Amino acid sequence: MDTVPKWFPDRKPIYDIHKTYDENFAEGPFFDAEIPKREMPPKEDWIDFLGINVASPLGVPAGPLLNSKWTTLASKLGFDIVTYKTIRTGEHPSQPAPNMVYVDTIGPIEERQINEEIPQKMNQPENMAMLAVTNSFGMPSQSEQYVLEDLSRAIGEIQEGQLLVASVVGTPRDGEDFVADFARAAALAKESGAKAIEANFSCPNVATGEGSIYTNPKTVHELCSRIVREIGDIPLLIKVGYFKDQEEMRETFVEAAKAGARGVSGINTIGMKVMDGDKPALGEGRETSGVCGEPIQKLALAYVHAAREINDTQKLGLELVGVGGITLPEHFDLFLESGADVAMSATGMMWDPFLALRWHELHQK
């Protein structure tokens, strides 16, 4: 591989936090560098993920890849499992700007600190190891016709040895069946040609309940069962957040597996109160937002350890995707060594799009 060039802090992140979500959607990703040539590993070294052969266990979770322009760039940058940003069955606006600001954390976030307030930080950190942000988007989505066309395009543009996962969520609406709507979102992904689907049960930045599903094992079972009936043989992942209760985590995993889910991805961001002085940093009504970046890595690794133990002890056969705080190439290995089958980076990828290529360069034989 050609030497991977430096990105952070010389260049700005490929998602511009000073622009609106709609501006980033239409104008981004903000990437103008030459991509080093990657030497793909021989096919005998590819791994099986959800029954599909992929060239490496590196990926991007639901969130940063807003449309096909973003997924295609991520695939070219060496992320072999890319997740198309969560789709709904109809148009849904983003939360207003600002959607993302830096936060001031000192060291890793401990479980006891989750309910505490943390301050906004005005300046970009000096290095990737200190990268910490909070975000609140509210899972915006485009029209059904746009999704059908753009998701199909995204799937068609990834390379051999790669997989695009379509993330879906249901939308609570008065007089409508939430479970049926979730299944319709999965059907939309299937119609677009998705080879794997992820049900997002864990967004902490919505106010209507669709983001905390993972803490209710009974609901997880009901939704997974309905979605699996809708999508048939297409493998289903579920996205979960951080569990404070290990028994609740075990029950959620068991119920998901019983209902036909094939894998679990976690964790999502850590919901915390981020403050700008005495007011919420992202505005009134968004007192809590998702903290991500390096400070959540300790909690994410603890989750992966527990997930591996539950999966093995209960003999669930789930594929485990580890997410949370991967901002340096060596962080991918921490998650893989802790029991994840696949490791994904969101914030790290936005601030250093060459992150996966750096890992590939380190692991070339």
# chains A, B, ... in the order shown; residues from 1 in each chain; ligands from 1
call {"tool": "select_by_dssp", "arguments": {"residues": "region 192-258 of chain A", "states": "strand (DSSP E)", "output": "JSON, numbers by chain"}}
result
{"A": [196, 197, 198, 199, 200, 236, 237, 238, 239]}
call {"tool": "residues_around", "arguments": {"residues": "region 298-308 of chain A", "least_positions_apart": "3", "cutoff": "6 Å", "atoms": "only C-alpha atoms", "output": "number ranges by chain"}}
result
A: 267, 311, 324, 338-339
call {"tool": "residues_around", "arguments": {"residues": "region 38-52 of chain A", "least_positions_apart": "3", "cutoff": "8 Å", "atoms": "only C-alpha atoms", "output": "list in words"}}
result
Met1, Asp2, Ala55, Ser56, Pro57, Gly78, Gly161, Leu163, Ala196, Pro235, Arg262, Gly263, Glu319, Asp341 and Leu357 of chain A
call {"tool": "write_last_selection", "arguments": {"atoms": "all heavy atoms", "output": "tab-separated table (two decimals), in the first residue's frame"}}
result
chain	number	residue	atom	x	y	z
A	1	MET	N	0.85	-1.20	0.00
A	1	MET	CA	0.00	0.00	0.00
A	1	MET	C	0.88	1.24	0.00
A	1	MET	O	1.89	1.31	0.69
A	1	MET	CB	-0.91	-0.01	1.23
A	1	MET	CG	-1.86	1.19	1.33
A	1	MET	SD	-2.80	1.20	2.87
A	1	MET	CE	-3.80	-0.26	2.66
A	2	ASP	N	0.46	2.25	-0.79
A	2	ASP	CA	1.15	3.53	-0.72
A	2	ASP	C	1.01	4.07	0.71
A	2	ASP	O	0.05	3.78	1.41
A	2	ASP	CB	0.51	4.52	-1.69
A	2	ASP	CG	0.60	4.06	-3.13
A	2	ASP	OD1	1.51	3.28	-3.43
A	2	ASP	OD2	-0.26	4.47	-3.94
A	55	ALA	N	-13.61	-8.77	3.12
A	55	ALA	CA	-12.15	-8.75	3.09
A	55	ALA	C	-11.52	-8.43	4.43
A	55	ALA	O	-10.35	-8.76	4.66
A	55	ALA	CB	-11.67	-7.74	2.04
A	56	SER	N	-12.26	-7.79	5.34
A	56	SER	CA	-11.72	-7.48	6.66
A	56	SER	C	-12.87	-7.27	7.63
A	56	SER	O	-14.02	-7.05	7.22
A	56	SER	CB	-10.84	-6.22	6.62
A	56	SER	OG	-11.63	-5.04	6.63
A	57	PRO	N	-12.58	-7.28	8.94
A	57	PRO	CA	-13.63	-7.09	9.94
A	57	PRO	C	-13.82	-5.63	10.33
A	57	PRO	O	-14.26	-5.33	11.45
A	57	PRO	CB	-13.12	-7.91	11.12
A	57	PRO	CG	-11.63	-7.75	11.05
A	57	PRO	CD	-11.31	-7.70	9.57
A	78	GLY	N	-11.47	1.63	2.54
A	78	GLY	CA	-11.07	0.40	3.22
A	78	GLY	C	-11.97	-0.08	4.32
A	78	GLY	O	-11.65	-1.04	5.02
A	161	GLY	N	-15.92	-8.19	-1.89
A	161	GLY	CA	-15.33	-8.35	-0.56
A	161	GLY	C	-15.85	-7.36	0.45
A	161	GLY	O	-15.28	-7.22	1.54
A	163	LEU	N	-19.62	-5.43	2.20
A	163	LEU	CA	-21.04	-5.61	2.48
A	163	LEU	C	-21.64	-4.28	2.91
A	163	LEU	O	-21.06	-3.57	3.73
A	163	LEU	CB	-21.23	-6.64	3.60
A	163	LEU	CG	-22.64	-6.78	4.20
A	163	LEU	CD1	-23.61	-7.34	3.15
A	163	LEU	CD2	-22.61	-7.67	5.44
A	196	ALA	N	-28.09	-7.41	3.97
A	196	ALA	CA	-28.16	-7.51	5.43
A	196	ALA	C	-28.88	-6.27	5.94
A	196	ALA	O	-28.74	-5.18	5.38
A	196	ALA	CB	-26.76	-7.61	6.04
A	235	PRO	N	-30.09	-11.73	6.53
A	235	PRO	CA	-29.71	-11.70	7.94
A	235	PRO	C	-30.08	-10.39	8.62
A	235	PRO	O	-29.94	-9.31	8.03
A	235	PRO	CB	-28.20	-11.91	7.91
A	235	PRO	CG	-27.76	-11.57	6.53
A	235	PRO	CD	-28.92	-11.88	5.64
A	262	ARG	N	-29.59	-12.51	13.71
A	262	ARG	CA	-28.33	-13.19	13.46
A	262	ARG	C	-27.14	-12.50	14.10
A	262	ARG	O	-26.04	-13.06	14.12
A	262	ARG	CB	-28.11	-13.28	11.94
A	262	ARG	CG	-29.19	-14.06	11.20
A	262	ARG	CD	-28.82	-15.51	11.07
A	262	ARG	NE	-27.60	-15.65	10.29
A	262	ARG	CZ	-27.55	-15.65	8.95
A	262	ARG	NH1	-28.66	-15.50	8.24
A	262	ARG	NH2	-26.39	-15.80	8.32
A	263	GLY	N	-27.32	-11.26	14.57
A	263	GLY	CA	-26.20	-10.55	15.16
A	263	GLY	C	-26.65	-9.36	15.97
A	263	GLY	O	-27.80	-8.92	15.89
A	319	GLU	N	-23.54	-13.07	15.71
A	319	GLU	CA	-22.36	-12.34	15.29
A	319	GLU	C	-22.33	-11.04	16.11
A	319	GLU	O	-23.36	-10.37	16.27
A	319	GLU	CB	-22.43	-12.00	13.80
A	319	GLU	CG	-22.57	-13.22	12.91
A	319	GLU	CD	-21.23	-13.73	12.40
A	319	GLU	OE1	-20.19	-13.26	12.90
A	319	GLU	OE2	-21.24	-14.58	11.50
A	341	ASP	N	-16.67	-9.79	16.54
A	341	ASP	CA	-16.36	-10.38	15.23
A	341	ASP	C	-16.01	-9.30	14.23
A	341	ASP	O	-15.24	-9.54	13.29
A	341	ASP	CB	-17.57	-11.18	14.73
A	341	ASP	CG	-17.89	-12.36	15.63
A	341	ASP	OD1	-17.05	-13.27	15.75
A	341	ASP	OD2	-18.98	-12.35	16.23
A	357	LEU	N	-7.56	2.43	6.40
A	357	LEU	CA	-6.37	2.19	5.59
A	357	LEU	C	-5.11	2.15	6.46
A	357	LEU	O	-4.17	1.41	6.16
A	357	LEU	CB	-6.23	3.27	4.52
A	357	LEU	CG	-7.27	3.21	3.39
A	357	LEU	CD1	-7.08	4.38	2.44
A	357	LEU	CD2	-7.20	1.88	2.65
call {"tool": "closest_residue", "arguments": {"among": "A:Asp104, A:Asp22, A:Asp352, A:Glu255", "to": "Cys292 (chain A)", "atoms": "only C-alpha atoms"}}
result
A:Asp104
call {"tool": "closest_atom_pairs", "arguments": {"of": "region 148-226 of chain A", "to": "region 85-98 of chain A", "cutoff": "9 Å", "atoms": "only C-alpha atoms", "output": "tab-separated table"}}
result
residue	atom	partner	partner_atom	distance
A:Ala166	CA	A:Thr86	CA	7.1
A:Ser167	CA	A:Thr86	CA	4.4
A:Val168	CA	A:Ile87	CA	4.8
A:Val169	CA	A:Arg88	CA	5.6
A:Gly170	CA	A:Arg88	CA	6.2
A:Thr171	CA	A:Arg88	CA	6.7
A:Asp181	CA	A:Thr89	CA	7.0
A:Phe182	CA	A:Arg88	CA	7.9
A:Arg184	CA	A:Thr89	CA	6.7
A:Ala185	CA	A:Thr89	CA	5.1
A:Ala186	CA	A:Arg88	CA	8.8
A:Leu188	CA	A:Thr89	CA	7.5
A:Ala189	CA	A:Ile87	CA	8.3
A:Glu198	CA	A:Thr86	CA	8.6
A:Ala199	CA	A:Thr86	CA	8.5
A:Asn200	CA	A:Thr86	CA	7.2
call {"tool": "atom_distance", "arguments": {"atom1": "CA of Thr347 (chain A)", "atom2": "CA of Gly293 (chain A)"}}
result
5.8 Å
call {"tool": "residues_around", "arguments": {"residues": "Tyr102 (chain A)", "least_positions_apart": "6", "cutoff": "10 Å", "atoms": "only C-alpha atoms", "output": "tab-separated table (two decimals) with N, CA, C and O atoms, in the first residue's frame"}}
result
chain	number	residue	atom	x	y	z
A	17	ILE	N	-19.28	20.02	11.06
A	17	ILE	CA	-20.18	20.22	12.20
A	17	ILE	C	-20.72	21.65	12.26
A	17	ILE	O	-21.65	21.93	13.04
A	119	PRO	N	-19.43	19.49	30.26
A	119	PRO	CA	-19.45	20.75	29.51
A	119	PRO	C	-19.08	20.60	28.04
A	119	PRO	O	-18.33	19.71	27.65
A	120	GLN	N	-19.65	21.50	27.24
A	120	GLN	CA	-19.23	21.62	25.85
A	120	GLN	C	-17.81	22.15	25.80
A	120	GLN	O	-17.37	22.91	26.66
A	121	LYS	N	-17.06	21.72	24.78
A	121	LYS	CA	-15.71	22.22	24.55
A	121	LYS	C	-15.73	23.00	23.25
A	121	LYS	O	-16.25	22.54	22.24
A	122	MET	N	-15.15	24.19	23.26
A	122	MET	CA	-15.27	25.06	22.10
A	122	MET	C	-14.26	24.73	20.99
A	122	MET	O	-14.52	24.99	19.83
A	123	ASN	N	-13.13	24.17	21.35
A	123	ASN	CA	-12.08	23.98	20.36
A	123	ASN	C	-11.89	22.51	20.01
A	123	ASN	O	-12.14	21.62	20.84
A	124	GLN	N	-11.42	22.26	18.79
A	124	GLN	CA	-11.10	20.91	18.35
A	124	GLN	C	-9.95	20.36	19.18
A	124	GLN	O	-9.01	21.08	19.49
A	125	PRO	N	-10.01	19.07	19.55
A	125	PRO	CA	-8.90	18.48	20.32
A	125	PRO	C	-7.62	18.43	19.51
A	125	PRO	O	-7.64	18.53	18.28
A	131	LEU	N	-10.36	12.81	20.97
A	131	LEU	CA	-11.55	13.20	20.23
A	131	LEU	C	-12.82	12.81	20.99
A	131	LEU	O	-13.05	11.63	21.27
A	132	ALA	N	-13.64	13.79	21.30
A	132	ALA	CA	-14.88	13.55	22.03
A	132	ALA	C	-15.93	14.55	21.54
A	132	ALA	O	-15.70	15.76	21.56
A	133	VAL	N	-17.07	14.05	21.11
A	133	VAL	CA	-18.14	14.91	20.61
A	133	VAL	C	-19.47	14.41	21.15
A	133	VAL	O	-19.58	13.30	21.68
A	134	THR	N	-20.49	15.24	20.99
A	134	THR	CA	-21.85	14.78	21.23
A	134	THR	C	-22.66	15.09	19.98
A	134	THR	O	-22.33	16.03	19.24
A	135	ASN	N	-23.68	14.29	19.73
A	135	ASN	CA	-24.49	14.55	18.54
A	135	ASN	C	-25.96	14.31	18.82
A	135	ASN	O	-26.33	13.53	19.72
A	274	VAL	N	-25.12	17.37	28.11
A	274	VAL	CA	-23.99	18.20	27.69
A	274	VAL	C	-24.43	19.66	27.78
A	274	VAL	O	-25.43	20.05	27.16
A	281	ALA	N	-26.23	22.31	25.49
A	281	ALA	CA	-25.33	22.73	24.41
A	281	ALA	C	-26.00	22.68	23.04
A	281	ALA	O	-25.66	23.48	22.16
A	291	VAL	N	-23.09	11.10	23.52
A	291	VAL	CA	-21.65	11.35	23.56
A	291	VAL	C	-20.93	10.20	22.87
A	291	VAL	O	-21.25	9.02	23.09
A	292	CYS	N	-19.97	10.54	22.03
A	292	CYS	CA	-19.22	9.51	21.31
A	292	CYS	C	-17.76	9.94	21.18
A	292	CYS	O	-17.39	11.04	21.58
A	293	GLY	N	-16.96	9.05	20.64
A	293	GLY	CA	-15.53	9.30	20.59
A	293	GLY	C	-14.78	8.52	21.65
A	293	GLY	O	-15.34	7.64	22.33
call {"tool": "atom_distance", "arguments": {"atom1": "CA of Ser136 (chain A)", "atom2": "CA of Leu282 (chain A)"}}
result
7.7 Å
call {"tool": "closest_residue", "arguments": {"among": "A:Ala256, A:Met275, A:Leu237, A:Ile197", "to": "His221 (chain A)", "atoms": "only C-alpha atoms"}}
result
A:Ala256
call {"tool": "closest_residue", "arguments": {"among": "A:Leu362, A:Leu316, A:Ile270, A:Val321", "to": "Ile114 (chain A)", "atoms": "only C-alpha atoms"}}
result
A:Ile270
call {"tool": "residues_around", "arguments": {"residues": "Glu251 (chain A)", "least_positions_apart": "2", "cutoff": "12 Å", "atoms": "only C-alpha atoms", "output": "VMD selection string"}}
result
chain A and resid 214 to 221 243 245 to 249 253 to 258 307 310 to 311 314 316
call {"tool": "write_last_selection", "arguments": {"atoms": "N, CA and C atoms", "output": "mmCIF file, in the first residue's frame"}}
result
data_model
loop_
_atom_site.group_PDB
_atom_site.id
_atom_site.type_symbol
_atom_site.label_atom_id
_atom_site.label_comp_id
_atom_site.auth_asym_id
_atom_site.auth_seq_id
_atom_site.Cartn_x
_atom_site.Cartn_y
_atom_site.Cartn_z
ATOM 1 N N TYR A 214 -34.123 -1.459 22.939
ATOM 2 C CA TYR A 214 -33.225 -2.555 23.327
ATOM 3 C C TYR A 214 -33.299 -2.916 24.807
ATOM 4 N N THR A 215 -33.854 -2.032 25.625
ATOM 5 C CA THR A 215 -33.949 -2.315 27.059
ATOM 6 C C THR A 215 -35.205 -3.118 27.409
ATOM 7 N N ASN A 216 -36.008 -3.473 26.414
ATOM 8 C CA ASN A 216 -37.235 -4.239 26.656
ATOM 9 C C ASN A 216 -37.169 -5.546 25.872
ATOM 10 N N PRO A 217 -36.721 -6.633 26.504
ATOM 11 C CA PRO A 217 -36.544 -7.911 25.788
ATOM 12 C C PRO A 217 -37.807 -8.404 25.097
ATOM 13 N N LYS A 218 -38.957 -8.201 25.696
ATOM 14 C CA LYS A 218 -40.204 -8.664 25.090
ATOM 15 C C LYS A 218 -40.465 -7.937 23.771
ATOM 16 N N THR A 219 -40.257 -6.618 23.776
ATOM 17 C CA THR A 219 -40.452 -5.832 22.557
ATOM 18 C C THR A 219 -39.426 -6.207 21.502
ATOM 19 N N VAL A 220 -38.189 -6.464 21.929
ATOM 20 C CA VAL A 220 -37.140 -6.905 21.003
ATOM 21 C C VAL A 220 -37.580 -8.179 20.292
ATOM 22 N N HIS A 221 -38.107 -9.127 21.035
ATOM 23 C CA HIS A 221 -38.567 -10.384 20.437
ATOM 24 C C HIS A 221 -39.698 -10.144 19.452
ATOM 25 N N PHE A 243 -25.831 -1.339 28.316
ATOM 26 C CA PHE A 243 -26.691 -1.951 29.332
ATOM 27 C C PHE A 243 -26.083 -1.723 30.726
ATOM 28 N N ASP A 245 -27.799 -3.054 33.249
ATOM 29 C CA ASP A 245 -28.289 -4.287 33.878
ATOM 30 C C ASP A 245 -27.863 -5.484 33.032
ATOM 31 N N GLN A 246 -26.971 -6.322 33.554
ATOM 32 C CA GLN A 246 -26.448 -7.461 32.799
ATOM 33 C C GLN A 246 -27.511 -8.521 32.538
ATOM 34 N N GLU A 247 -28.450 -8.694 33.462
ATOM 35 C CA GLU A 247 -29.518 -9.662 33.251
ATOM 36 C C GLU A 247 -30.445 -9.196 32.136
ATOM 37 N N GLU A 248 -30.706 -7.898 32.083
ATOM 38 C CA GLU A 248 -31.497 -7.343 30.993
ATOM 39 C C GLU A 248 -30.796 -7.545 29.655
ATOM 40 N N MET A 249 -29.492 -7.395 29.650
ATOM 41 C CA MET A 249 -28.693 -7.617 28.443
ATOM 42 C C MET A 249 -28.789 -9.069 27.994
ATOM 43 N N PHE A 253 -30.476 -10.412 24.434
ATOM 44 C CA PHE A 253 -29.749 -11.246 23.483
ATOM 45 C C PHE A 253 -30.499 -12.558 23.224
ATOM 46 N N VAL A 254 -30.975 -13.180 24.280
ATOM 47 C CA VAL A 254 -31.684 -14.459 24.145
ATOM 48 C C VAL A 254 -32.952 -14.273 23.311
ATOM 49 N N GLU A 255 -33.721 -13.228 23.619
ATOM 50 C CA GLU A 255 -34.971 -13.004 22.890
ATOM 51 C C GLU A 255 -34.713 -12.658 21.422
ATOM 52 N N ALA A 256 -33.654 -11.901 21.161
ATOM 53 C CA ALA A 256 -33.325 -11.571 19.779
ATOM 54 C C ALA A 256 -32.965 -12.832 19.000
ATOM 55 N N ALA A 257 -32.144 -13.684 19.598
ATOM 56 C CA ALA A 257 -31.732 -14.918 18.931
ATOM 57 C C ALA A 257 -32.926 -15.846 18.715
ATOM 58 N N LYS A 258 -33.783 -15.969 19.715
ATOM 59 C CA LYS A 258 -34.970 -16.823 19.590
ATOM 60 C C LYS A 258 -35.877 -16.349 18.454
ATOM 61 N N ALA A 307 -20.934 -9.145 26.128
ATOM 62 C CA ALA A 307 -21.682 -9.707 25.009
ATOM 63 C C ALA A 307 -21.095 -11.042 24.576
ATOM 64 N N ILE A 310 -22.027 -13.724 27.201
ATOM 65 C CA ILE A 310 -23.432 -14.116 27.093
ATOM 66 C C ILE A 310 -23.650 -14.969 25.846
ATOM 67 N N ASN A 311 -23.113 -14.533 24.747
ATOM 68 C CA ASN A 311 -23.296 -15.249 23.484
ATOM 69 C C ASN A 311 -22.742 -16.670 23.560
ATOM 70 N N GLN A 314 -24.665 -18.835 26.535
ATOM 71 C CA GLN A 314 -26.033 -19.190 26.146
ATOM 72 C C GLN A 314 -26.091 -19.929 24.808
ATOM 73 N N LEU A 316 -25.798 -18.797 21.703
ATOM 74 C CA LEU A 316 -26.759 -18.094 20.863
ATOM 75 C C LEU A 316 -26.343 -18.036 19.395
#
call {"tool": "atom_distance", "arguments": {"atom1": "CA of Val60 (chain A)", "atom2": "CA of Glu110 (chain A)"}}
result
24.5 Å
call {"tool": "residues_around", "arguments": {"residues": "Asp16 (chain A)", "least_positions_apart": "2", "cutoff": "12 Å", "atoms": "only C-alpha atoms", "output": "PyMOL selection string"}}
result
chain A and resi 11-14+18-31+64+97-101+350-351
call {"tool": "select_by_dssp", "arguments": {"residues": "region 203-267 of chain A", "states": "helix (DSSP H, G or I)", "output": "PyMOL selection string"}}
result
chain A and resi 213-215+217-231+246-258
call {"tool": "write_last_selection", "arguments": {"atoms": "N, CA, C and O atoms", "output": "compact mmCIF listing (two decimals), in the first residue's frame"}}
result
# COMPACT_ATOMS: atom_id res chain seq x y z
N ILE A 213 -35.69 0.81 22.63
CA ILE A 213 -36.31 -0.50 22.50
C ILE A 213 -35.45 -1.60 23.09
O ILE A 213 -35.95 -2.57 23.67
N TYR A 214 -34.12 -1.46 22.94
CA TYR A 214 -33.23 -2.55 23.33
C TYR A 214 -33.30 -2.92 24.81
O TYR A 214 -32.87 -4.00 25.21
N THR A 215 -33.85 -2.03 25.63
CA THR A 215 -33.95 -2.32 27.06
C THR A 215 -35.20 -3.12 27.41
O THR A 215 -35.43 -3.42 28.58
N PRO A 217 -36.72 -6.63 26.50
CA PRO A 217 -36.54 -7.91 25.79
C PRO A 217 -37.81 -8.40 25.10
O PRO A 217 -37.72 -8.95 23.99
N LYS A 218 -38.96 -8.20 25.70
CA LYS A 218 -40.20 -8.66 25.09
C LYS A 218 -40.46 -7.94 23.77
O LYS A 218 -40.84 -8.55 22.76
N THR A 219 -40.26 -6.62 23.78
CA THR A 219 -40.45 -5.83 22.56
C THR A 219 -39.43 -6.21 21.50
O THR A 219 -39.73 -6.27 20.30
N VAL A 220 -38.19 -6.46 21.93
CA VAL A 220 -37.14 -6.91 21.00
C VAL A 220 -37.58 -8.18 20.29
O VAL A 220 -37.44 -8.31 19.07
N HIS A 221 -38.11 -9.13 21.04
CA HIS A 221 -38.57 -10.38 20.44
C HIS A 221 -39.70 -10.14 19.45
O HIS A 221 -39.71 -10.69 18.34
N GLU A 222 -40.67 -9.32 19.85
CA GLU A 222 -41.81 -9.05 18.98
C GLU A 222 -41.38 -8.40 17.67
O GLU A 222 -41.80 -8.81 16.58
N LEU A 223 -40.51 -7.41 17.76
CA LEU A 223 -40.08 -6.71 16.56
C LEU A 223 -39.21 -7.60 15.67
O LEU A 223 -39.38 -7.63 14.45
N CYS A 224 -38.27 -8.30 16.28
CA CYS A 224 -37.40 -9.18 15.49
C CYS A 224 -38.21 -10.25 14.77
O CYS A 224 -37.97 -10.54 13.59
N SER A 225 -39.16 -10.84 15.46
CA SER A 225 -40.00 -11.87 14.84
C SER A 225 -40.73 -11.33 13.62
O SER A 225 -40.79 -11.97 12.57
N ARG A 226 -41.29 -10.14 13.79
CA ARG A 226 -42.06 -9.53 12.69
C ARG A 226 -41.15 -9.17 11.53
O ARG A 226 -41.50 -9.39 10.35
N ILE A 227 -39.98 -8.62 11.83
CA ILE A 227 -39.06 -8.22 10.76
C ILE A 227 -38.54 -9.45 10.01
O ILE A 227 -38.44 -9.45 8.78
N VAL A 228 -38.19 -10.50 10.76
CA VAL A 228 -37.68 -11.72 10.13
C VAL A 228 -38.72 -12.32 9.19
O VAL A 228 -38.39 -12.81 8.10
N ARG A 229 -39.98 -12.28 9.60
CA ARG A 229 -41.03 -12.77 8.70
C ARG A 229 -41.08 -11.94 7.41
O ARG A 229 -41.37 -12.47 6.33
N GLU A 230 -40.77 -10.67 7.54
CA GLU A 230 -40.83 -9.77 6.39
C GLU A 230 -39.65 -9.97 5.43
O GLU A 230 -39.81 -9.93 4.21
N ILE A 231 -38.45 -10.19 5.99
CA ILE A 231 -37.25 -10.18 5.15
C ILE A 231 -36.75 -11.58 4.80
O ILE A 231 -35.83 -11.73 4.00
N GLN A 246 -26.97 -6.32 33.55
CA GLN A 246 -26.45 -7.46 32.80
C GLN A 246 -27.51 -8.52 32.54
O GLN A 246 -27.50 -9.18 31.49
N GLU A 247 -28.45 -8.69 33.46
CA GLU A 247 -29.52 -9.66 33.25
C GLU A 247 -30.45 -9.20 32.14
O GLU A 247 -30.90 -10.00 31.30
N GLU A 248 -30.71 -7.90 32.08
CA GLU A 248 -31.50 -7.34 30.99
C GLU A 248 -30.80 -7.55 29.65
O GLU A 248 -31.43 -7.89 28.65
N MET A 249 -29.49 -7.39 29.65
CA MET A 249 -28.69 -7.62 28.44
C MET A 249 -28.79 -9.07 27.99
O MET A 249 -29.00 -9.36 26.81
N ARG A 250 -28.66 -9.98 28.94
CA ARG A 250 -28.76 -11.40 28.62
C ARG A 250 -30.13 -11.72 28.03
O ARG A 250 -30.24 -12.41 27.00
N GLU A 251 -31.19 -11.22 28.66
CA GLU A 251 -32.54 -11.50 28.17
C GLU A 251 -32.77 -10.91 26.78
O GLU A 251 -33.40 -11.54 25.93
N THR A 252 -32.23 -9.72 26.54
CA THR A 252 -32.37 -9.10 25.22
C THR A 252 -31.69 -9.95 24.15
O THR A 252 -32.25 -10.21 23.07
N PHE A 253 -30.48 -10.41 24.43
CA PHE A 253 -29.75 -11.25 23.48
C PHE A 253 -30.50 -12.56 23.22
O PHE A 253 -30.63 -12.99 22.07
N VAL A 254 -30.98 -13.18 24.28
CA VAL A 254 -31.68 -14.46 24.14
C VAL A 254 -32.95 -14.27 23.31
O VAL A 254 -33.24 -15.07 22.40
N GLU A 255 -33.72 -13.23 23.62
CA GLU A 255 -34.97 -13.00 22.89
C GLU A 255 -34.71 -12.66 21.42
O GLU A 255 -35.46 -13.08 20.54
N ALA A 256 -33.65 -11.90 21.16
CA ALA A 256 -33.32 -11.57 19.78
C ALA A 256 -32.97 -12.83 19.00
O ALA A 256 -33.43 -13.03 17.87
N ALA A 257 -32.14 -13.68 19.60
CA ALA A 257 -31.73 -14.92 18.93
C ALA A 257 -32.93 -15.85 18.72
O ALA A 257 -33.08 -16.44 17.64
N LYS A 258 -33.78 -15.97 19.72
CA LYS A 258 -34.97 -16.82 19.59
C LYS A 258 -35.88 -16.35 18.45
O LYS A 258 -36.53 -17.15 17.79
call {"tool": "decode", "arguments": {"residues": "region 12-22 of chain A", "atoms": "N, CA, C and O atoms", "output": "mmCIF file, in the first residue's frame"}}
result
data_model
loop_
_atom_site.group_PDB
_atom_site.id
_atom_site.type_symbol
_atom_site.label_atom_id
_atom_site.label_comp_id
_atom_site.auth_asym_id
_atom_site.auth_seq_id
_atom_site.Cartn_x
_atom_site.Cartn_y
_atom_site.Cartn_z
ATOM 1 N N LYS A 12 -10.014 19.205 7.959
ATOM 2 C CA LYS A 12 -11.252 19.193 8.720
ATOM 3 C C LYS A 12 -11.948 17.841 8.555
ATOM 4 O O LYS A 12 -11.703 17.114 7.599
ATOM 5 N N PRO A 13 -12.836 17.484 9.489
ATOM 6 C CA PRO A 13 -13.582 16.224 9.345
ATOM 7 C C PRO A 13 -14.429 16.245 8.075
ATOM 8 O O PRO A 13 -14.798 17.312 7.572
ATOM 9 N N ILE A 14 -14.735 15.056 7.563
ATOM 10 C CA ILE A 14 -15.499 14.977 6.322
ATOM 11 C C ILE A 14 -16.982 15.298 6.541
ATOM 12 O O ILE A 14 -17.720 15.499 5.568
ATOM 13 N N TYR A 15 -17.416 15.345 7.800
ATOM 14 C CA TYR A 15 -18.730 15.895 8.149
ATOM 15 C C TYR A 15 -18.467 17.244 8.799
ATOM 16 O O TYR A 15 -17.763 17.328 9.807
ATOM 17 N N ASP A 16 -19.010 18.295 8.225
ATOM 18 C CA ASP A 16 -18.759 19.654 8.721
ATOM 19 C C ASP A 16 -19.752 19.979 9.835
ATOM 20 O O ASP A 16 -20.941 20.204 9.563
ATOM 21 N N ILE A 17 -19.281 20.019 11.063
ATOM 22 C CA ILE A 17 -20.178 20.225 12.203
ATOM 23 C C ILE A 17 -20.725 21.650 12.256
ATOM 24 O O ILE A 17 -21.645 21.927 13.038
ATOM 25 N N HIS A 18 -20.191 22.539 11.436
ATOM 26 C CA HIS A 18 -20.677 23.915 11.404
ATOM 27 C C HIS A 18 -21.775 24.108 10.368
ATOM 28 O O HIS A 18 -22.343 25.195 10.261
ATOM 29 N N LYS A 19 -22.080 23.076 9.611
ATOM 30 C CA LYS A 19 -23.169 23.110 8.642
ATOM 31 C C LYS A 19 -24.362 22.310 9.157
ATOM 32 O O LYS A 19 -24.239 21.510 10.081
ATOM 33 N N THR A 20 -25.510 22.511 8.545
ATOM 34 C CA THR A 20 -26.691 21.743 8.914
ATOM 35 C C THR A 20 -26.577 20.311 8.396
ATOM 36 O O THR A 20 -25.761 20.011 7.517
ATOM 37 N N TYR A 21 -27.440 19.459 8.908
ATOM 38 C CA TYR A 21 -27.492 18.084 8.402
ATOM 39 C C TYR A 21 -27.816 18.079 6.914
ATOM 40 O O TYR A 21 -27.192 17.346 6.127
ATOM 41 N N ASP A 22 -28.786 18.892 6.503
ATOM 42 C CA ASP A 22 -29.185 18.918 5.095
ATOM 43 C C ASP A 22 -28.040 19.379 4.201
ATOM 44 O O ASP A 22 -27.877 18.882 3.077
#
